[in-house]
Structure formats: C-alpha cells, structure tokens
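Report on one structure; see the data block that follows.
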Amino acid sequence: MTYDPNEWDAPDPLKLLVSAKRVAAELDVPIWKANEICWCLDRRFYSAGQSHYRVTVASLNAFKELLDMGMSIGAARAVMWQYKQEGGLPPSDLEKETADRIYWRSSRRW
C-alpha cells in the first residue's frame with residue numbers, strides 16, 4: 001500500500017472559542033447561570049452590537065481548575081474577575097489560599 005498525500009484528511013482544528021451553551025453543558029449548569037459565568041471569562045464578540053460572543057477555551061479551563069480546587073462557582077467567578085481586570089488568566093500554579101484571599105477581599109463591602 002502506498003501513501004498518497006492528496007488522500008490525507010487533516011484533523012479537525014482545535015476549538016479556541018466556545019459558546020455559553022457549551023459552558024452550560026461542560027459545567028452542568030442552566031444556560032442562565034452559564035451566561036453569568038461567561039461575564040467573568042475572556043469573551044470575544046463577533047457582532048457589531050456586541051451582543052453575540054464566545055469565550056476562550058483557556059479561560060473556561062482556568063475556571064474549571066478553580067472549581068477542581070474546591071471553590072464554589074461564586075468564589076471562582078470572583079477570582080476570574082480579578083485576573084480579568086488585570087488583563088490575564090489565573091496562573092496555573094495558583095494556590096488555594098491565594099484564591100481564597102482574592103474571594104474574601106472581593107466579598108468585603110466597605
């Protein structure tokens with residue numbers, strides 16, 4: 001059997017952006033809750049009125065890592081929002097104590 005490069009099918013490219021519907025499915029939450037979560041993730045708008053958006057897979061994965069650390073959805077949203085305001089994602093080696101401190105500071109009302 002010979003190899004013909006013209007018959008080779010390229011693999012599907014990795015998805016870099018996902019919809020709120022996919023966020024809801026991956027986190028097993030209702031769609032309204034997924035839309036709330038998406039506000040703290042890295043969003044990319046694709047319409048002139050900025051009503052349609054997708055979130056980056058990297059930010060969704062970072063959010064899921066925070067949930068895997070044992071944080072609640074509200075706490076993970078606060079941590080993601082803090083890093084979003086700084087212009088990035090939480091570092092992969094973020095310690096739970098640091099994440100808890102960020103959440104505690106965000107929940108304080110002065």
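Following the order of the structure tokens, chains are lettered A, B, ..., residues in each are numbered from 1, and ligands are numbered from 1.
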
Checklist entry - Near Pro91 in chain A, within 12 Å and counting only C-alpha atoms, which residues show up once chain neighbours fewer than 6 positions away are dropped, as a PyMOL selection string? => result chain A and resi 58-59+61-63+65-66+79-80+83-84+98-99

Any chance you could export the current selection's C-alpha atoms as a CSV table (one decimal), in the first residue's frame?
chain,number,residue,atom,x,y,z
A,58,ALA,CA,-8.3,28.7,28.0
A,59,SER,CA,-10.4,30.9,30.3
A,61,ASN,CA,-10.3,25.6,31.5
A,62,ALA,CA,-8.9,28.0,34.1
A,63,PHE,CA,-12.4,28.4,35.6
A,65,GLU,CA,-9.4,24.3,37.5
A,66,LEU,CA,-10.6,26.7,40.2
A,79,VAL,CA,-11.1,35.1,41.2
A,80,MET,CA,-11.6,35.0,37.4
A,83,TYR,CA,-7.5,38.4,36.9
A,84,LYS,CA,-9.7,39.6,34.0
A,98,THR,CA,-4.3,32.9,47.4
A,99,ALA,CA,-7.6,32.2,45.6

Item to check | Test item: residues at most 7 Å from Tyr53 in chain A, only C-alpha atoms, excluding those fewer than 5 positions along its chain, as an MDAnalysis selection string | outcome: chainID A and resid 43:46

How would the residues just chosen look if you wrote them out with C-alpha atoms as an mmCIF file, in the first residue's frame?
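File produced: result_28.cif:
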data_model
loop_
_atom_site.group_PDB
_atom_site.id
_atom_site.type_symbol
_atom_site.label_atom_id
_atom_site.label_comp_id
_atom_site.auth_asym_id
_atom_site.auth_seq_id
_atom_site.Cartn_x
_atom_site.Cartn_y
_atom_site.Cartn_z
ATOM 1 C CA ARG A 43 -15.023 36.889 25.879
ATOM 2 C CA ARG A 44 -14.668 37.621 22.171
ATOM 3 C CA PHE A 45 -17.525 39.481 20.489
ATOM 4 C CA TYR A 46 -18.378 38.781 16.881
#

Checklist entry - Closest to Ser92 in chain A among A:Ser47, A:Cys38, A:Met69, A:Arg54, using only C-alpha atoms? => result A:Met69

Next on the checklist: Please identify the strand (DSSP E or B) residues within range 7-109 of chain A (assignment by DSSP from backbone atoms) and present them as a list of chain:residue names.
Outcome noted: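 After running DSSP on the backbone, range 7-109 of chain A has strand (DSSP E or B) at A:Leu17, A:Val18, A:Arg43, A:Arg44, A:Phe45, A:Tyr53, A:Arg54, A:Val55, A:Thr56.
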
Item to check | Backbone-only DSSP, alpha helix (DSSP H) members of range 28-59 of chain A, as a ChimeraX atom specification | outcome: /A:31-38,57-59

Prev. selection, C-alpha atoms, output as a PDB file, in the first residue's frame:
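Below you can see out.pdb, which holds the result:
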ATOM      1  CA  ILE A  31     -27.958  28.316  30.480  1.00  0.00           C
ATOM      2  CA  TRP A  32     -28.806  31.438  32.512  1.00  0.00           C
ATOM      3  CA  LYS A  33     -26.097  30.508  35.020  1.00  0.00           C
ATOM      4  CA  ALA A  34     -23.636  29.863  32.188  1.00  0.00           C
ATOM      5  CA  ASN A  35     -24.311  33.364  30.844  1.00  0.00           C
ATOM      6  CA  GLU A  36     -23.491  34.781  34.291  1.00  0.00           C
ATOM      7  CA  ILE A  37     -20.287  32.752  34.419  1.00  0.00           C
ATOM      8  CA  CYS A  38     -19.274  33.926  30.956  1.00  0.00           C
ATOM      9  CA  VAL A  57     -11.277  27.675  25.931  1.00  0.00           C
ATOM     10  CA  ALA A  58      -8.251  28.733  28.002  1.00  0.00           C
ATOM     11  CA  SER A  59     -10.423  30.859  30.313  1.00  0.00           C
TER      12      SER A  59
END

Checklist entry - Near Glu97 in chain A, counting only C-alpha atoms, which residues have an atom at most 12 Å away, once you skip same-chain residues fewer than 4 positions from it, shown as a PyMOL selection string? => result chain A and resi 66+69-71+79+93+101-104

Item to check | Selection: 7 Å around Ser19 in chain A, only C-alpha atoms, excl. self and same-chain fewer than 3 positions, as a ChimeraX atom specification | outcome: /A:22-23,54-55

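In this comparison, which uses only C-alpha atoms, the residue of A:Lys21, A:Lys15, A:Lys64, A:Arg108 approaching Ala76 in chain A most closely is A:Lys64.
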
Checklist entry - So which one's closest to Pro90 in chain A, A:Val18, A:Leu41, A:Ala48, A:Ala24? Using only C-alpha atoms, please. => result A:Leu41
